[in-house]
>>> print(open('work_16.txt').read())   # compact mmCIF, C-alpha atoms and all ligand atoms
# COMPACT_ATOMS: atom_id res chain seq x y z
CA MET G 204 31.57 31.37 105.50
CA THR G 205 35.19 32.31 106.25
CA ARG G 206 37.61 33.77 103.70
CA LYS G 207 39.32 30.35 103.61
CA ASP G 208 36.05 28.71 102.66
CA ASP G 209 35.44 31.34 99.96
CA LYS G 210 38.55 30.28 98.07
CA LYS G 211 37.70 26.61 98.27
CA ALA G 212 34.11 27.35 97.20
CA ALA G 213 35.44 29.36 94.24
CA PHE G 214 37.65 26.44 93.21
CA ILE G 215 34.78 23.95 93.43
CA ALA G 216 32.55 26.35 91.48
CA ALA G 217 35.22 26.55 88.75
CA LEU G 218 35.34 22.73 88.65
CA ALA G 219 31.55 22.44 88.38
CA ALA G 220 31.45 25.15 85.70
CA ALA G 221 34.17 23.44 83.63
CA LEU G 222 32.32 20.13 83.82
CA ASP G 223 29.09 21.82 82.89
CA ALA G 224 30.61 23.75 79.97
CA LYS G 225 32.48 20.61 78.84
CA THR G 226 35.79 22.45 79.03
CA PHE G 227 37.10 20.15 81.80
CA ILE G 228 40.28 18.20 80.94
CA LYS G 229 41.46 16.85 84.29
CA LEU G 230 41.98 17.65 87.97
CA THR G 231 45.03 16.70 90.01
CA LEU G 232 45.36 16.43 93.79
CA GLY G 233 48.77 16.63 95.51
CA LYS G 234 50.61 17.60 98.73
CA PHE G 235 49.20 14.58 100.57
CA ARG G 236 48.62 15.23 104.29
CA GLY G 237 46.12 12.46 105.03
CA GLU G 238 46.51 9.25 106.98
CA GLY G 239 48.23 6.14 105.64
CA GLU G 240 50.27 5.74 102.50
CA PRO G 241 51.05 9.02 100.67
CA SER G 242 49.40 9.34 97.29
CA LYS G 243 48.54 11.65 94.44
CA ALA G 244 45.26 11.53 92.60
CA VAL G 245 43.93 12.50 89.19
CA ALA G 246 40.32 12.87 88.11
CA THR G 247 39.28 12.49 84.46
CA LEU G 248 36.04 12.01 82.60
CA VAL G 249 34.79 8.59 81.54
CA ALA G 250 31.53 7.54 79.93
CA LEU G 251 29.56 4.76 81.61
CA LYS G 252 26.67 3.62 79.44
CA GLY G 253 27.06 6.92 77.57
CA VAL G 254 26.76 9.04 80.75
CA PRO G 255 29.78 11.16 81.79
CA HIS G 256 31.28 10.17 85.16
CA LEU G 257 34.33 11.28 87.10
CA LYS G 258 37.03 8.67 87.49
CA LEU G 259 39.44 9.30 90.34
CA VAL G 260 42.69 7.34 90.19
CA THR G 261 44.69 7.45 93.42
CA ARG G 262 48.29 6.57 92.73
CA LEU G 263 49.88 4.56 95.56
CA ALA G 264 53.44 3.24 95.56
CA ARG G 265 52.52 -0.30 94.46
CA LYS G 266 49.17 0.04 92.77
CA ASP G 267 46.46 2.41 91.65
CA ASP G 268 43.14 2.66 93.39
CA THR G 269 40.34 3.70 91.02
CA LYS G 270 36.89 4.94 91.92
CA THR G 271 34.21 6.11 89.53
CA PHE G 272 31.54 8.59 90.61
CA SER G 273 28.54 10.36 89.14
CA ILE G 274 29.54 13.96 88.41
CA ASN G 275 27.86 15.35 91.57
CA ASP G 276 29.23 12.63 93.85
CA GLY G 277 32.67 13.13 92.29
CA ILE G 278 32.61 16.86 92.98
CA ASN G 279 31.55 16.22 96.60
CA HIS G 280 34.24 13.58 97.07
CA ILE G 281 36.93 15.95 95.76
CA LYS G 282 35.55 18.82 97.88
CA LEU G 283 35.92 16.77 101.06
CA ARG G 284 39.53 15.92 100.32
CA ILE G 285 40.78 19.39 99.34
CA GLY G 286 42.39 21.17 102.31
CA ASP G 287 42.28 17.95 104.31
CA THR G 288 43.83 14.89 102.59
CA TYR G 289 45.44 16.99 99.85
CA LEU G 290 46.75 20.54 100.24
CA SER G 291 47.01 21.21 96.52
CA ALA G 292 44.49 20.87 93.69
CA THR G 293 44.73 21.98 90.08
CA LEU G 294 41.89 22.11 87.61
CA PHE G 295 42.93 21.91 83.95
CA SER G 296 40.33 23.12 81.50
CA THR G 297 40.48 24.38 77.94
CA ASP G 298 39.82 27.89 79.33
CA ARG G 299 42.31 28.14 82.19
CA ASP G 300 44.22 26.29 84.88
CA VAL G 301 43.04 27.01 88.40
CA THR G 302 45.16 26.01 91.40
CA LEU G 303 44.23 25.99 95.06
CA THR G 304 47.13 25.43 97.49
CA TYR G 305 47.33 25.58 101.24
CA SER G 306 50.32 26.83 103.26
CA LYS G 307 51.66 24.98 106.32
CA LYS G 308 49.28 27.11 108.38
CA ARG G 309 46.48 25.97 106.03
CA GLU G 310 46.08 29.39 104.46
CA PRO G 311 44.57 28.87 100.97
CA GLN G 312 45.85 30.58 97.87
CA LEU G 313 43.87 30.56 94.63
CA THR G 314 45.54 31.26 91.29
CA SER G 315 44.33 31.15 87.73
CA ILE G 316 46.53 31.09 84.63
CA LYS G 317 46.12 30.55 80.89
CA PRO G 318 45.49 26.89 79.97
CA THR G 319 48.67 24.83 79.85
CA LEU G 320 47.07 21.96 77.93
CA LYS G 321 46.79 22.83 74.28
CA ALA G 322 43.51 24.44 73.28
CA SER G 323 43.64 22.39 70.07
CA GLU G 324 43.52 19.20 72.14
CA PRO G 325 39.99 17.80 71.95
CA ALA G 326 37.93 18.38 75.06
CA ALA G 327 37.71 15.45 77.43
CA HIS G 328 34.17 14.46 76.46
CA ASP G 329 35.37 13.89 72.88
CA ARG G 330 38.20 11.69 74.07
CA VAL G 331 36.04 9.40 76.16
CA LYS G 332 36.82 6.28 74.09
CA SER G 333 40.57 6.47 74.59
CA TYR G 334 39.91 7.03 78.29
CA LEU G 335 38.37 3.54 78.37
CA VAL G 336 41.92 2.14 78.29
CA PRO G 337 44.37 4.74 79.65
CA PRO G 338 47.85 3.85 78.31
CA ASP G 339 49.44 4.20 81.74
CA ARG G 340 47.47 1.37 83.37
CA PRO G 341 49.88 -0.78 85.44
CA TYR G 342 48.98 -4.01 83.58
CA LEU G 343 49.91 -2.39 80.24
CA LYS G 344 53.33 -1.51 81.67
CA ALA G 345 53.75 -5.02 83.10
CA LEU G 346 52.85 -6.59 79.74
CA GLN G 347 55.36 -4.28 78.01
CA VAL G 348 52.63 -2.61 75.96
CA SER G 349 53.55 0.75 77.45
CA ASP G 350 56.82 2.04 78.85
CA ALA G 351 57.58 3.09 82.45
CA GLU G 352 56.16 6.57 81.72
CA GLY G 353 52.90 5.04 80.50
CA ARG G 354 53.45 5.71 76.79
CA ILE G 355 52.46 3.00 74.31
CA LYS G 356 55.60 1.50 72.77
CA PRO G 357 55.86 2.06 69.00
CA THR G 358 55.90 -1.71 68.35
CA MET G 359 52.78 -2.25 70.48
CA GLN G 360 50.51 0.36 68.88
CA GLY G 361 48.58 -2.36 66.96
CA LYS G 362 48.05 -4.45 70.12
CA TYR G 363 46.91 -1.34 72.03
CA ARG G 364 44.40 -0.48 69.28
CA GLN G 365 43.10 -4.06 69.43
CA ILE G 366 42.70 -3.81 73.22
CA CYS G 367 40.88 -0.47 72.93
CA ARG G 368 38.57 -1.77 70.20
CA PHE G 369 37.79 -4.92 72.18
CA ILE G 370 36.89 -2.94 75.31
CA GLU G 371 34.77 -0.55 73.25
CA ILE G 372 32.83 -3.46 71.66
CA PHE G 373 32.50 -5.26 74.99
CA ASP G 374 31.09 -2.15 76.68
CA GLY G 375 28.47 -1.81 73.97
CA LEU G 376 27.39 -5.46 74.37
CA LEU G 377 27.38 -5.54 78.16
CA LYS G 378 24.24 -3.44 78.28
CA ASP G 379 22.46 -6.03 76.10
CA ILE G 380 22.80 -8.77 78.67
CA ASP G 381 20.65 -9.18 81.71
CA GLN G 382 21.80 -6.72 84.38
CA SER G 383 19.32 -7.73 87.04
CA ASP G 384 22.14 -9.28 89.07
CA ALA G 385 24.54 -6.34 88.57
CA ASP G 386 25.60 -6.61 92.23
CA GLU G 387 26.64 -10.23 91.77
CA PRO G 388 30.20 -10.86 90.54
CA LEU G 389 30.37 -11.36 86.78
CA SER G 390 31.83 -14.78 85.95
CA ILE G 391 33.94 -14.88 82.81
CA LEU G 392 35.92 -17.61 81.07
CA ASP G 393 38.56 -16.62 78.53
CA ILE G 394 39.48 -19.59 76.36
CA GLY G 395 42.94 -19.55 74.79
CA SER G 396 44.03 -16.58 76.89
CA GLY G 397 47.64 -16.70 75.65
CA LYS G 398 49.78 -13.91 77.14
CA GLY G 399 46.63 -12.38 78.58
CA TYR G 400 46.65 -8.96 76.92
CA LEU G 401 42.88 -8.90 76.43
CA THR G 402 42.18 -10.83 79.63
CA PHE G 403 43.98 -8.30 81.82
CA ALA G 404 42.45 -5.43 79.85
CA LEU G 405 38.92 -6.72 80.35
CA TYR G 406 39.41 -7.51 84.05
CA ASP G 407 40.93 -4.08 84.69
CA HIS G 408 38.17 -2.34 82.75
CA LEU G 409 35.36 -4.18 84.54
CA THR G 410 36.77 -3.79 88.03
CA THR G 411 38.45 -0.37 87.94
CA THR G 412 36.50 1.59 85.32
CA LEU G 413 33.07 0.04 85.74
CA GLY G 414 33.47 -0.84 89.43
CA ARG G 415 32.10 -4.39 88.91
CA THR G 416 33.23 -7.38 90.91
CA CYS G 417 34.33 -10.12 88.65
CA VAL G 418 35.59 -13.70 88.77
CA MET G 419 37.58 -14.33 85.63
CA THR G 420 39.50 -17.42 84.54
CA GLY G 421 41.89 -17.65 81.61
CA ILE G 422 42.07 -21.15 80.12
CA GLU G 423 45.27 -21.86 78.25
CA VAL G 424 47.04 -25.07 77.19
CA ARG G 425 50.50 -23.61 77.55
CA GLY G 426 51.64 -24.03 81.16
CA ASP G 427 54.43 -21.44 80.81
CA LEU G 428 51.93 -18.72 79.85
CA VAL G 429 49.58 -19.76 82.66
CA LYS G 430 52.40 -19.44 85.19
CA LEU G 431 53.43 -16.03 83.82
CA CYS G 432 49.86 -14.69 83.85
CA ASN G 433 49.13 -15.97 87.37
CA GLU G 434 52.29 -14.25 88.64
CA LEU G 435 51.23 -11.03 86.98
CA ALA G 436 47.66 -11.23 88.33
CA ARG G 437 49.10 -11.63 91.85
CA ALA G 438 51.56 -8.76 91.41
CA LEU G 439 48.73 -6.49 90.24
CA HIS G 440 46.48 -7.60 93.13
CA PHE G 441 43.84 -8.75 90.65
CA SER G 442 42.30 -11.08 93.21
CA GLY G 443 39.39 -12.20 91.00
CA LEU G 444 41.61 -13.22 88.08
CA ALA G 445 43.32 -16.60 87.71
CA PHE G 446 44.65 -18.75 84.90
CA GLU G 447 44.35 -22.52 84.48
CA ALA G 448 46.35 -24.88 82.30
CA ALA G 449 43.65 -26.83 80.44
CA GLU G 450 42.39 -27.84 77.01
CA ALA G 451 39.24 -25.97 76.05
CA GLN G 452 37.46 -29.20 75.19
CA GLN G 453 38.18 -30.72 78.61
CA ARG G 454 36.97 -27.67 80.55
CA ARG G 455 33.47 -27.96 81.97
CA THR G 456 31.43 -25.55 84.02
CA THR G 457 27.86 -25.50 85.20
CA HIS G 458 27.49 -21.74 84.99
CA THR G 459 29.31 -18.74 83.59
CA ASP G 460 27.99 -15.32 82.54
CA ILE G 461 30.40 -14.67 79.70
CA VAL G 462 32.71 -16.78 77.54
CA ILE G 463 35.33 -15.16 75.35
CA ALA G 464 37.71 -16.80 72.90
CA LEU G 465 39.90 -14.37 71.03
CA HIS G 466 42.00 -15.93 68.32
CA ALA G 467 41.89 -19.30 70.05
CA CYS G 468 43.27 -21.71 67.50
CA ASP G 469 41.06 -23.57 65.01
CA THR G 470 38.31 -25.64 66.69
CA ALA G 471 39.13 -24.26 70.18
CA THR G 472 36.68 -21.51 69.10
CA ASP G 473 33.96 -24.17 68.71
CA ASP G 474 34.84 -25.69 72.09
CA ALA G 475 34.55 -22.26 73.70
CA MET G 476 31.15 -21.67 72.07
CA ALA G 477 29.91 -25.14 73.07
CA LEU G 478 31.07 -24.50 76.64
CA GLY G 479 29.24 -21.15 76.71
CA ILE G 480 26.02 -22.64 75.31
CA ALA G 481 26.11 -25.58 77.78
CA ALA G 482 26.75 -23.20 80.70
CA ASP G 483 23.89 -20.92 79.57
CA ALA G 484 26.28 -17.95 79.23
CA GLN G 485 24.61 -14.59 78.64
CA MET G 486 27.33 -13.52 76.24
CA ILE G 487 29.74 -15.42 73.98
CA LEU G 488 32.40 -13.45 72.15
CA ALA G 489 34.74 -15.13 69.71
CA ALA G 490 37.30 -13.89 67.21
CA PRO G 491 37.99 -17.00 65.11
CA CYS G 492 41.57 -17.68 64.18
CA CYS G 493 42.58 -20.37 61.71
CA GLN G 494 39.79 -22.55 60.28
CA HIS G 495 41.09 -25.95 59.16
CA GLU G 496 38.07 -28.19 59.57
CA LEU G 497 35.87 -27.56 56.54
CA ALA G 498 38.24 -26.98 53.61
CA PRO G 499 39.18 -30.68 53.22
CA GLN G 500 35.51 -31.65 53.41
CA ILE G 501 34.35 -29.26 50.69
CA LYS G 502 34.58 -31.26 47.47
CA ASP G 503 31.19 -31.05 45.82
CA THR G 504 29.27 -27.88 46.41
CA SER G 505 25.87 -27.11 44.93
CA GLU G 506 25.91 -25.98 41.32
CA GLY G 507 27.66 -22.75 40.54
CA PHE G 508 30.43 -22.92 43.16
CA ALA G 509 32.84 -25.18 41.24
CA GLY G 510 34.45 -22.06 39.80
CA VAL G 511 35.27 -20.86 43.31
CA ILE G 512 36.56 -24.02 44.94
CA LYS G 513 38.83 -25.10 42.12
CA TYR G 514 41.31 -22.38 43.21
CA PRO G 515 42.91 -23.45 46.52
CA LEU G 516 43.19 -19.94 47.95
CA PHE G 517 39.56 -19.09 47.15
CA LYS G 518 38.52 -22.46 48.49
CA GLN G 519 40.23 -21.79 51.84
CA ARG G 520 38.72 -18.30 52.06
CA GLN G 521 35.30 -19.75 51.25
CA ALA G 522 35.78 -22.47 53.88
CA ASP G 523 36.77 -19.84 56.50
CA LEU G 524 33.62 -17.89 55.75
CA VAL G 525 31.38 -20.95 55.80
CA THR G 526 32.93 -22.17 59.09
CA ASP G 527 32.16 -18.85 60.75
CA ALA G 528 28.72 -18.46 59.17
CA ALA G 529 27.87 -21.95 60.47
CA ARG G 530 29.06 -20.90 63.95
CA ALA G 531 26.84 -17.81 63.83
CA LEU G 532 23.82 -19.89 62.75
CA LEU G 533 24.48 -22.53 65.42
CA LEU G 534 24.61 -19.82 68.09
CA GLU G 535 21.27 -18.46 66.83
CA ALA G 536 19.90 -21.99 66.83
CA SER G 537 20.91 -22.15 70.50
CA GLY G 538 18.98 -19.00 71.45
CA TYR G 539 21.52 -16.23 70.91
CA LYS G 540 21.19 -12.96 69.04
CA VAL G 541 24.31 -12.76 66.87
CA LYS G 542 26.25 -9.80 65.52
CA VAL G 543 29.26 -10.20 63.25
CA ILE G 544 31.56 -7.23 63.78
CA GLU G 545 34.84 -6.09 62.24
CA PHE G 546 37.24 -6.37 65.17
CA VAL G 547 40.30 -4.45 64.00
CA SER G 548 41.16 -3.07 60.60
CA THR G 549 42.36 -5.67 58.06
CA GLU G 550 45.45 -3.48 57.77
CA HIS G 551 46.69 -5.15 60.99
CA THR G 552 45.43 -8.72 60.66
CA ALA G 553 43.27 -10.78 58.32
CA LYS G 554 41.73 -12.42 61.42
CA ASN G 555 39.46 -9.50 62.06
CA ILE G 556 35.99 -10.97 62.55
CA LEU G 557 34.33 -10.93 65.95
CA ILE G 558 31.24 -13.08 66.47
CA ALA G 559 29.24 -11.53 69.31
CA ALA G 560 26.36 -13.54 70.71
CA THR G 561 24.00 -12.44 73.47
CA LYS G 562 21.28 -14.64 74.93
CA SER G 563 17.84 -13.53 73.79
CA ALA G 564 14.27 -14.76 73.99
CA ASN G 565 13.55 -13.23 70.57
CA VAL G 566 15.53 -15.45 68.25
CA ASN G 567 14.05 -17.64 65.55
CA SER G 568 16.03 -20.78 66.44
CA ASP G 569 14.12 -23.03 64.05
CA ARG G 570 14.90 -20.81 61.09
CA ALA G 571 18.60 -20.74 62.06
CA LYS G 572 18.66 -24.57 62.29
CA ARG G 573 17.10 -24.77 58.84
CA GLN G 574 19.59 -22.30 57.42
CA TYR G 575 22.47 -24.24 58.97
CA ARG G 576 21.28 -27.51 57.34
CA GLU G 577 20.86 -25.74 53.99
CA LEU G 578 24.36 -24.28 54.23
CA LYS G 579 25.77 -27.72 55.05
CA ARG G 580 24.04 -29.26 52.08
CA ALA G 581 24.99 -26.45 49.67
CA MET G 582 28.65 -26.43 50.67
CA GLY G 583 28.93 -30.20 50.92
CA PHE G 584 30.48 -30.63 54.36
CA GLU G 585 29.61 -33.50 56.68
CA THR G 586 30.76 -32.46 60.16
CA HIS G 587 31.21 -29.21 62.03
CA HIS G 588 32.98 -29.27 65.41
CA LEU G 589 30.42 -27.01 67.10
CA ALA G 590 27.37 -28.76 65.63
CA SER G 591 28.69 -32.13 66.80
CA GLN G 592 28.60 -30.83 70.41
CA LEU G 593 25.02 -29.54 70.21
CA LYS G 594 21.83 -31.56 70.38
CA GLY G 595 19.12 -31.37 67.74
CA VAL G 596 20.75 -29.24 65.06
CA GLU G 597 21.96 -31.85 62.54
C1 LIG R 1 46.70 -16.55 69.10
S1 LIG R 1 46.72 -16.84 70.81
C2 LIG R 1 45.54 -15.67 71.35
C3 LIG R 1 45.76 -15.17 72.73
C4 LIG R 1 44.75 -14.15 73.25
N1 LIG R 1 43.42 -14.68 73.35
C5 LIG R 1 44.77 -12.88 72.41
O1 LIG R 1 43.84 -12.71 71.58
O2 LIG R 1 45.66 -12.07 72.57
C6 LIG R 1 45.86 -18.39 70.97
C7 LIG R 1 46.11 -19.09 72.28
O3 LIG R 1 45.17 -20.17 72.40
C8 LIG R 1 45.83 -21.27 73.00
N2 LIG R 1 45.06 -22.48 72.63
C9 LIG R 1 44.99 -23.07 71.41
N3 LIG R 1 44.19 -24.14 71.44
C10 LIG R 1 43.73 -24.24 72.71
C11 LIG R 1 42.86 -25.16 73.37
N4 LIG R 1 42.28 -26.15 72.71
N5 LIG R 1 42.61 -24.98 74.68
C12 LIG R 1 43.17 -23.95 75.36
N6 LIG R 1 44.02 -23.05 74.79
C13 LIG R 1 44.28 -23.19 73.48
C14 LIG R 1 47.23 -21.20 72.40
O4 LIG R 1 48.18 -21.89 73.19
C15 LIG R 1 47.49 -19.71 72.35
O5 LIG R 1 48.14 -19.24 73.49
>>> encode(input="work_16.txt", output="structure tokens")
Amino acid sequence: MTRKDDKKAAFIAALAAALDAKTFIKLTLGKFRGEGEPSKAVATLVALKGVPHLKLVTRLARKDDTKTFSINDGINHIKLRIGDTYLSATLFSTDRDVTLTYSKKREPQLTSIKPTLKASEPAAHDRVKSYLVPPDRPYLKALQVSDAEGRIKPTMQGKYRQICRFIEIFDGLLKDIDQSDADEPLSILDIGSGKGYLTFALYDHLTTTLGRTCVMTGIEVRGDLVKLCNELARALHFSGLAFEAAEAQQRRTTHTDIVIALHACDTATDDAMALGIAADAQMILAAPCCQHELAPQIKDTSEGFAGVIKYPLFKQRQADLVTDAARALLLEASGYKVKVIEFVSTEHTAKNILIAATKSANVNSDRAKRQYRELKRAMGFETHHLASQLKGVE
């Protein structure tokens, strides 16, 4: 081994040690001397299915290229590029910053200084959740959630928290669905995609962080939003993402892996669920918005509820709850395991329920059908928009 190689080996050893000791914060690569478009790159830690991985984001002029590696593969990948594609590398850890630079004659110089990132900052492995949605992602800038420097705008903090929470929940559920075809593109329909905040976030997360291929379609009645989102998807080179102007109820598909409907208005949530059930989706995720269908129907409930429904506000709240409980039961009746999760804190919105359904062979569908009929009888409603689209539940 030459003296040159010694310095590079020492740098790589410092990287491996920092990862091992969990003191690693990030690694940057600069002084590009490779072929093609000049770039810089930054490696950070991410958790995939709870296992730490190295994510390498290569920043090009028009877009970022993201690759995720196991720790060993990541170290090897970085090792190959140092002194070749990049003539400068800096390791930031909570212990020290180590820099390896090469002169024009490719003479390496290794320096180590006190850590420049605050020691009080939590180590990277404790910050894994926020790494799921880095605030400087290009789509967040394009959607005006973050500014040009990649900082979340003060007025968009709530939206950013919602995006982070959604991605965190989604990641947890993804492992519940059948992964036998993990090499096949995931097909996803997003009903009522609106301005696309969560659509872009999910597409970006699946393709860049998780490295999945994905065919995703946003369905939205408003043509102006569809146009805007399609333009943005093109600008970001999100080739598997497109938006369609359509009514949820009119949209049909023979197969989709996942259906999401986040705050889609009123019975559009039921249409999304019916679409997912008919297409045998492995996962259906819905955050109901406004529920207008049941309140006018609830006149005579079973004994004991008169004291609740005589107050209009309580009656509406009760109707909201019953609408969503009926949805959960109808999903179970259709062969889905259902979780009802608090989406974001009620501090930000009252519409904070997420109904998460994953296809399962171990669901007692008959019991759920029975419970749905009992609920209908007890609350005195005649029709439910989801039930009317399903066979054999009434
Ligand atoms: C409150 S926004 C939610 C947007 C996005 N899903 C989010 O959570 O950020 C609801 C969107 O659903 C759309 N929408 C309502 N009813 C619909 C229907 N039946 N079919 C398709 N889109 C619908 C609305 O136009 C609106 O853009």
>>> residues_near_ligand(input="work_16.txt", ligand="ligand LIG 1 (chain R)", cutoff="10 Å", atoms="only C-alpha atoms and all ligand atoms", output="ChimeraX atom specification")
/G:362,365-366,369,393-402,421-429,447-454,463-475,489-493
>>> residues_around(input="work_16.txt", residues="range 237-247 of chain G", least_positions_apart="6", cutoff="9 Å", atoms="all atoms listed in the file", output="mmCIF file with C-alpha atoms, in the frame of the given file")
data_model
loop_
_atom_site.group_PDB
_atom_site.id
_atom_site.type_symbol
_atom_site.label_atom_id
_atom_site.label_comp_id
_atom_site.auth_asym_id
_atom_site.auth_seq_id
_atom_site.Cartn_x
_atom_site.Cartn_y
_atom_site.Cartn_z
ATOM 1 C CA PHE G 227 37.100 20.150 81.800
ATOM 2 C CA ILE G 228 40.280 18.200 80.940
ATOM 3 C CA LYS G 229 41.460 16.850 84.290
ATOM 4 C CA LEU G 230 41.980 17.650 87.970
ATOM 5 C CA THR G 231 45.030 16.700 90.010
ATOM 6 C CA HIS G 256 31.280 10.170 85.160
ATOM 7 C CA LEU G 257 34.330 11.280 87.100
ATOM 8 C CA LYS G 258 37.030 8.670 87.490
ATOM 9 C CA LEU G 259 39.440 9.300 90.340
ATOM 10 C CA VAL G 260 42.690 7.340 90.190
ATOM 11 C CA THR G 261 44.690 7.450 93.420
ATOM 12 C CA ARG G 262 48.290 6.570 92.730
ATOM 13 C CA LEU G 263 49.880 4.560 95.560
ATOM 14 C CA ALA G 264 53.440 3.240 95.560
ATOM 15 C CA GLY G 277 32.670 13.130 92.290
ATOM 16 C CA ILE G 281 36.930 15.950 95.760
ATOM 17 C CA ARG G 284 39.530 15.920 100.320
ATOM 18 C CA ASP G 287 42.280 17.950 104.310
ATOM 19 C CA THR G 288 43.830 14.890 102.590
ATOM 20 C CA TYR G 289 45.440 16.990 99.850
ATOM 21 C CA ALA G 327 37.710 15.450 77.430
ATOM 22 C CA TYR G 334 39.910 7.030 78.290
#
>>> closest_residue(input="work_16.txt", among="G:Leu444, G:Ser390, G:Met582, G:Leu593", to="Val511 in chain G", atoms="only C-alpha atoms")
G:Met582
>>> atom_distance(input="work_16.txt", atom1="CA of Lys282 in chain G", atom2="CA of Thr416 in chain G")
27.2 Å
>>> closest_residue(input="work_16.txt", among="G:Lys207, G:Lys572, G:Arg354, G:Arg265", to="Ala438 in chain G", atoms="all atoms listed in the file")
G:Arg265
>>> residues_around(input="work_16.txt", residues="Val462 in chain G", least_positions_apart="6", cutoff="10 Å", atoms="only C-alpha atoms", output="compact mmCIF listing (two decimals) with C-alpha atoms, in the frame of the given file")
# COMPACT_ATOMS: atom_id res chain seq x y z
CA SER G 390 31.83 -14.78 85.95
CA ILE G 391 33.94 -14.88 82.81
CA LEU G 392 35.92 -17.61 81.07
CA ASP G 393 38.56 -16.62 78.53
CA ILE G 394 39.48 -19.59 76.36
CA MET G 419 37.58 -14.33 85.63
CA THR G 420 39.50 -17.42 84.54
CA ALA G 475 34.55 -22.26 73.70
CA MET G 476 31.15 -21.67 72.07
CA ALA G 477 29.91 -25.14 73.07
CA LEU G 478 31.07 -24.50 76.64
CA GLY G 479 29.24 -21.15 76.71
CA ILE G 480 26.02 -22.64 75.31
CA ALA G 482 26.75 -23.20 80.70
CA ASP G 483 23.89 -20.92 79.57
CA ALA G 484 26.28 -17.95 79.23
CA GLN G 485 24.61 -14.59 78.64
CA MET G 486 27.33 -13.52 76.24
CA ILE G 487 29.74 -15.42 73.98
CA LEU G 488 32.40 -13.45 72.15
CA ALA G 489 34.74 -15.13 69.71
CA ALA G 560 26.36 -13.54 70.71
>>> residues_near_point(input="work_16.txt", point="(36.5, 29.1, 91.6)", cutoff="10 Å", atoms="all atoms listed in the file", output="tab-separated table (two decimals) with C-alpha atoms, in the frame of the given file")
chain	number	residue	atom	x	y	z
G	209	ASP	CA	35.44	31.34	99.96
G	210	LYS	CA	38.55	30.28	98.07
G	211	LYS	CA	37.70	26.61	98.27
G	212	ALA	CA	34.11	27.35	97.20
G	213	ALA	CA	35.44	29.36	94.24
G	214	PHE	CA	37.65	26.44	93.21
G	215	ILE	CA	34.78	23.95	93.43
G	216	ALA	CA	32.55	26.35	91.48
G	217	ALA	CA	35.22	26.55	88.75
G	218	LEU	CA	35.34	22.73	88.65
G	219	ALA	CA	31.55	22.44	88.38
G	220	ALA	CA	31.45	25.15	85.70
G	294	LEU	CA	41.89	22.11	87.61
G	301	VAL	CA	43.04	27.01	88.40
G	302	THR	CA	45.16	26.01	91.40
G	303	LEU	CA	44.23	25.99	95.06
G	313	LEU	CA	43.87	30.56	94.63
G	314	THR	CA	45.54	31.26	91.29
G	315	SER	CA	44.33	31.15	87.73
>>> closest_residue(input="work_16.txt", among="G:Ile274, G:Asp523, G:Gly583, G:Lys266", to="Phe441 in chain G", atoms="only C-alpha atoms")
G:Lys266
>>> residues_near_point(input="work_16.txt", point="(31.4, -2.7, 68.1)", cutoff="10 Å", atoms="all atoms listed in the file", output="CSV table (one decimal) with C-alpha atoms, keeping the file's coordinate frame")
chain,number,residue,atom,x,y,z
G,368,ARG,CA,38.6,-1.8,70.2
G,369,PHE,CA,37.8,-4.9,72.2
G,370,ILE,CA,36.9,-2.9,75.3
G,371,GLU,CA,34.8,-0.6,73.2
G,372,ILE,CA,32.8,-3.5,71.7
G,373,PHE,CA,32.5,-5.3,75.0
G,374,ASP,CA,31.1,-2.2,76.7
G,375,GLY,CA,28.5,-1.8,74.0
G,376,LEU,CA,27.4,-5.5,74.4
G,542,LYS,CA,26.2,-9.8,65.5
G,543,VAL,CA,29.3,-10.2,63.2
G,544,ILE,CA,31.6,-7.2,63.8
G,545,GLU,CA,34.8,-6.1,62.2
G,546,PHE,CA,37.2,-6.4,65.2
G,547,VAL,CA,40.3,-4.4,64.0
G,557,LEU,CA,34.3,-10.9,66.0
G,559,ALA,CA,29.2,-11.5,69.3
>>> atom_distance(input="work_16.txt", atom1="CA of Asp208 in chain G", atom2="CA of Lys317 in chain G")
24.1 Å
>>> residues_around(input="work_16.txt", residues="Pro337 in chain G", least_positions_apart="5", cutoff="10 Å", atoms="all atoms listed in the file", output="list in words")
Lys332, Leu343, Gly353, Arg354, Ile355, Cys367 and His408 of chain G
>>> atom_distance(input="work_16.txt", atom1="CA of Ala531 in chain G", atom2="CA of Phe508 in chain G")
21.6 Å
>>> closest_residue(input="work_16.txt", among="G:Tyr406, G:Cys432, G:Thr269, G:Glu585", to="Leu346 in chain G", atoms="all atoms listed in the file")
G:Cys432
>>> closest_residue(input="work_16.txt", among="G:Lys540, G:Arg576, G:Lys225, G:Arg530", to="Ser296 in chain G", atoms="all atoms listed in the file")
G:Lys225
